[in-house]
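Student: Structure: protein_7.pdb, PDB, C-alpha atoms.
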ATOM      1  CA  MET A  11       6.650 -11.607 -19.257
ATOM      2  CA  GLN A  12       4.163  -8.759 -18.929
ATOM      3  CA  VAL A  13       4.146  -6.261 -16.049
ATOM      4  CA  ALA A  14       0.927  -7.760 -14.652
ATOM      5  CA  ASP A  15       2.569 -11.174 -14.484
ATOM      6  CA  HIS A  16       5.584  -9.711 -12.662
ATOM      7  CA  VAL A  17       3.278  -8.099 -10.083
ATOM      8  CA  ARG A  18       1.352 -11.323  -9.547
ATOM      9  CA  GLU A  19       4.608 -13.260  -9.202
ATOM     10  CA  LEU A  20       5.911 -10.822  -6.570
ATOM     11  CA  ILE A  21       2.655 -11.040  -4.614
ATOM     12  CA  LYS A  22       2.737 -14.827  -4.710
ATOM     13  CA  LYS A  23       6.367 -14.829  -3.567
ATOM     14  CA  HIS A  24       5.695 -12.497  -0.620
ATOM     15  CA  PHE A  25       2.216 -13.669   0.384
ATOM     16  CA  TRP A  26       0.137 -16.171  -1.584
ATOM     17  CA  GLU A  27      -1.609 -16.305  -4.945
ATOM     18  CA  MET A  28      -4.340 -13.658  -5.113
ATOM     19  CA  SER A  29      -6.923 -12.729  -7.719
ATOM     20  CA  ASP A  30      -6.705  -9.267  -9.267
ATOM     21  CA  ASP A  31      -9.668  -8.024  -7.214
ATOM     22  CA  ALA A  32      -8.196  -9.291  -3.921
ATOM     23  CA  SER A  33      -7.173  -6.676  -1.373
ATOM     24  CA  LEU A  34      -3.958  -6.719   0.618
ATOM     25  CA  SER A  35      -5.354  -4.325   3.232
ATOM     26  CA  THR A  36      -8.986  -5.351   3.784
ATOM     27  CA  GLY A  37     -11.043  -8.498   4.083
ATOM     28  CA  LYS A  38     -10.489 -11.794   5.842
ATOM     29  CA  GLU A  39      -7.099 -12.429   4.252
ATOM     30  CA  SER A  40      -5.424  -9.050   4.614
ATOM     31  CA  VAL A  41      -1.679  -8.929   5.143
ATOM     32  CA  LEU A  42       0.152  -7.447   8.107
ATOM     33  CA  PRO A  43       1.243  -3.822   7.696
ATOM     34  CA  GLU A  44       4.887  -4.771   8.301
ATOM     35  CA  ASP A  45       4.753  -7.395   5.567
ATOM     36  CA  ALA A  46       2.977  -5.002   3.208
ATOM     37  CA  ASN A  47       5.645  -2.369   3.794
ATOM     38  CA  ASP A  48       8.420  -4.850   2.972
ATOM     39  CA  PHE A  49       6.554  -5.992  -0.136
ATOM     40  CA  LEU A  50       5.952  -2.433  -1.366
ATOM     41  CA  GLU A  51       9.652  -1.606  -1.082
ATOM     42  CA  VAL A  52      10.524  -4.609  -3.268
ATOM     43  CA  TYR A  53       7.606  -3.841  -5.631
ATOM     44  CA  ALA A  54       8.785  -0.259  -6.158
ATOM     45  CA  GLU A  55      12.410  -1.253  -6.652
ATOM     46  CA  LYS A  56      11.961  -4.301  -8.912
ATOM     47  CA  LEU A  57       9.219  -2.791 -11.077
ATOM     48  CA  ASN A  58      10.595   0.775 -11.031
ATOM     49  CA  VAL A  59       7.401   2.310  -9.617
ATOM     50  CA  ASP A  60       7.549   5.817  -8.143
ATOM     51  CA  MET A  61       5.709   5.460  -4.830
ATOM     52  CA  SER A  62       6.264   9.029  -3.617
ATOM     53  CA  CYS A  63       2.487   9.674  -3.726
ATOM     54  CA  PHE A  64       1.560   6.448  -1.958
ATOM     55  CA  ASP A  65      -0.073   7.047   1.432
ATOM     56  CA  PHE A  66       0.590   3.889   3.436
ATOM     57  CA  ASN A  67      -1.744   4.972   6.263
ATOM     58  CA  ARG A  68      -4.643   5.196   3.831
ATOM     59  CA  TYR A  69      -4.484   1.434   3.332
ATOM     60  CA  PHE A  70      -2.940   0.409   6.655
ATOM     61  CA  PRO A  71      -4.086   2.946   9.284
ATOM     62  CA  ASN A  72      -2.067   3.109  12.463
ATOM     63  CA  GLU A  73      -3.650   1.080  15.239
ATOM     64  CA  GLY A  74      -1.746   3.004  17.899
ATOM     65  CA  ILE A  75      -1.348   1.752  21.426
ATOM     66  CA  ARG A  76      -4.769   0.519  22.430
ATOM     67  CA  PHE A  77      -4.539   1.113  26.183
ATOM     68  CA  LEU A  78      -3.322   4.732  25.910
ATOM     69  CA  PRO A  79      -5.505   7.619  24.720
ATOM     70  CA  ASN A  80      -4.331   9.474  21.601
ATOM     71  CA  ILE A  81      -3.880  12.704  23.556
ATOM     72  CA  LEU A  82      -0.938  11.157  25.403
ATOM     73  CA  LEU A  83       0.780   9.811  22.292
ATOM     74  CA  PRO A  84       2.992  11.522  19.707
ATOM     75  CA  LYS A  85       1.282  11.913  16.320
ATOM     76  CA  TYR A  86       3.083   8.988  14.691
ATOM     77  CA  LEU A  87       1.751   6.575  17.347
ATOM     78  CA  ARG A  88      -1.847   7.799  17.457
ATOM     79  CA  SER A  89      -4.529   5.434  16.265
ATOM     80  CA  SER A  90      -6.600   6.293  13.245
ATOM     81  CA  SER A  91     -10.385   6.255  13.295
ATOM     82  CA  GLN A  92     -10.501   5.709   9.536
ATOM     83  CA  PRO A  93     -11.112   2.171   8.254
ATOM     84  CA  PRO A  94      -8.512   0.937   5.769
ATOM     85  CA  GLU A  95      -9.190   1.365   2.075
ATOM     86  CA  ALA A  96      -8.775  -1.601  -0.239
ATOM     87  CA  LEU A  97      -5.330  -1.965  -1.796
ATOM     88  CA  THR A  98      -6.043  -4.381  -4.628
ATOM     89  CA  VAL A  99      -3.795  -6.385  -6.891
ATOM     90  CA  SER A 100      -5.307  -4.585  -9.891
ATOM     91  CA  MET A 101      -4.250  -1.227  -8.392
ATOM     92  CA  LEU A 102      -0.701  -2.518  -8.045
ATOM     93  CA  ILE A 103      -0.739  -3.785 -11.642
ATOM     94  CA  ALA A 104      -2.087  -0.517 -13.088
ATOM     95  CA  SER A 105       0.453   1.550 -11.148
ATOM     96  CA  ALA A 106       3.323  -0.711 -12.204
ATOM     97  CA  GLU A 107       2.274  -0.311 -15.830
ATOM     98  CA  ALA A 108       2.158   3.484 -15.391
ATOM     99  CA  GLY A 109       5.459   3.631 -13.500
ATOM    100  CA  HIS A 110       4.011   5.603 -10.578
ATOM    101  CA  TRP A 111       1.281   5.291  -7.961
ATOM    102  CA  LEU A 112      -2.016   6.210  -9.627
ATOM    103  CA  TYR A 113      -4.375   6.258  -6.647
ATOM    104  CA  HIS A 114      -3.424   9.321  -4.653
ATOM    105  CA  GLN A 115      -5.794  11.774  -3.038
ATOM    106  CA  SER A 116      -3.577  14.819  -3.198
ATOM    107  CA  TYR A 117      -3.160  17.025  -6.216
ATOM    108  CA  PRO A 118      -0.807  15.715  -8.927
ATOM    109  CA  GLU A 119       1.399  18.801  -8.669
ATOM    110  CA  MET A 120       2.014  17.961  -5.001
ATOM    111  CA  CYS A 121       2.965  14.389  -5.806
ATOM    112  CA  HIS A 122       5.785  14.959  -8.280
ATOM    113  CA  VAL A 123       3.923  12.845 -10.817
ATOM    114  CA  LYS A 124       5.115  13.512 -14.354
ATOM    115  CA  LYS A 125       2.349  13.727 -16.906
TER
END
Output the file's structure as structure tokens, nothing else.

Tutor:
Amino acid sequence: MQVADHVRELIKKHFWEMSDDASLSTGKESVLPEDANDFLEVYAEKLNVDMSCFDFNRYFPNEGIRFLPNILLPKYLRSSSQPPEALTVSMLIASAEAGHWLYHQSYPEMCHVKK
């Protein structure tokens, strides 16, 4: 079985069958952040993908506590004003094939990515 098939099988097991261009984080059928976090832990472990450069908040921004202003909250509970970016099945496949997360914004030398 190819890596892409393993990724698709994991996604189907944790969520439902998705096309390669489907997004886990955006659209009408996005998954809950808690479920995505659980899935990504299994994904990294089973497929041996280094996720040290993966920024979870980029795809699942913190919604915070809606009735409290950010100024009163610690940083980890503050809501983000950024909309989520698409985390697609094809991104997960490509990263699994590479063995590390490919879609990081920081510099490669900061991400411990081996070239």

Student: Select, counting all atoms listed in the file, all protein, DNA and RNA residues no farther than 8 Å from (-4.5, -3.6, 8.9) in file coordinates, and express the selection as a list in words.

Tutor: Ser35, Thr36, Ser40, Val41, Leu42, Pro43, Tyr69, Phe70, Pro71, Asn72, Glu73 and Pro94 of chain A

Student: Neighbouring residues of segment 12-26 of chain A were defined as those with any atom within 10 Å, considering all atoms listed in the file; residues of the same chain fewer than 2 positions away were excluded. Please report them as a ChimeraX atom specification.

Tutor: /A:28-30,34,40-41,45-46,48-50,52-53,56-57,99-100,102-108

Student: So what do you get for atom CA of Gln115 of chain A versus atom CA of Glu27 of chain A, distance-wise?

Tutor: 28.5 Å

Student: Could you list the residues chosen by the PyMOL selection byres ((chain A and resi 110) around 8) in this structure as a list in words?

Tutor: Val59, Asp60, Met61, Ser105, Ala106, Ala108, Gly109, Trp111, Leu112 and Val123 of chain A

Student: Write the residues of the selection above to a file with C-alpha atoms, as an mmCIF file, in the coordinates of the input.

Tutor:
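The new file result-v8.cif reads:
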data_model
loop_
_atom_site.group_PDB
_atom_site.id
_atom_site.type_symbol
_atom_site.label_atom_id
_atom_site.label_comp_id
_atom_site.auth_asym_id
_atom_site.auth_seq_id
_atom_site.Cartn_x
_atom_site.Cartn_y
_atom_site.Cartn_z
ATOM 1 C CA VAL A 59 7.401 2.310 -9.617
ATOM 2 C CA ASP A 60 7.549 5.817 -8.143
ATOM 3 C CA MET A 61 5.709 5.460 -4.830
ATOM 4 C CA SER A 105 0.453 1.550 -11.148
ATOM 5 C CA ALA A 106 3.323 -0.711 -12.204
ATOM 6 C CA ALA A 108 2.158 3.484 -15.391
ATOM 7 C CA GLY A 109 5.459 3.631 -13.500
ATOM 8 C CA TRP A 111 1.281 5.291 -7.961
ATOM 9 C CA LEU A 112 -2.016 6.210 -9.627
ATOM 10 C CA VAL A 123 3.923 12.845 -10.817
#

Student: Grab the atom CA of Glu39 of chain A to atom CA of Met11 of chain A distance for me, in Å with one decimal place.

Tutor: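 Atom CA of Glu39 of chain A sits 27.2 Å away from atom CA of Met11 of chain A.
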
Student: What's the separation between atom CA of Asn58 of chain A and atom CA of Ala32 of chain A, in Å to one decimal place?

Tutor: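 Spanning atom CA of Asn58 of chain A to atom CA of Ala32 of chain A is a straight-line distance of 22.5 Å.
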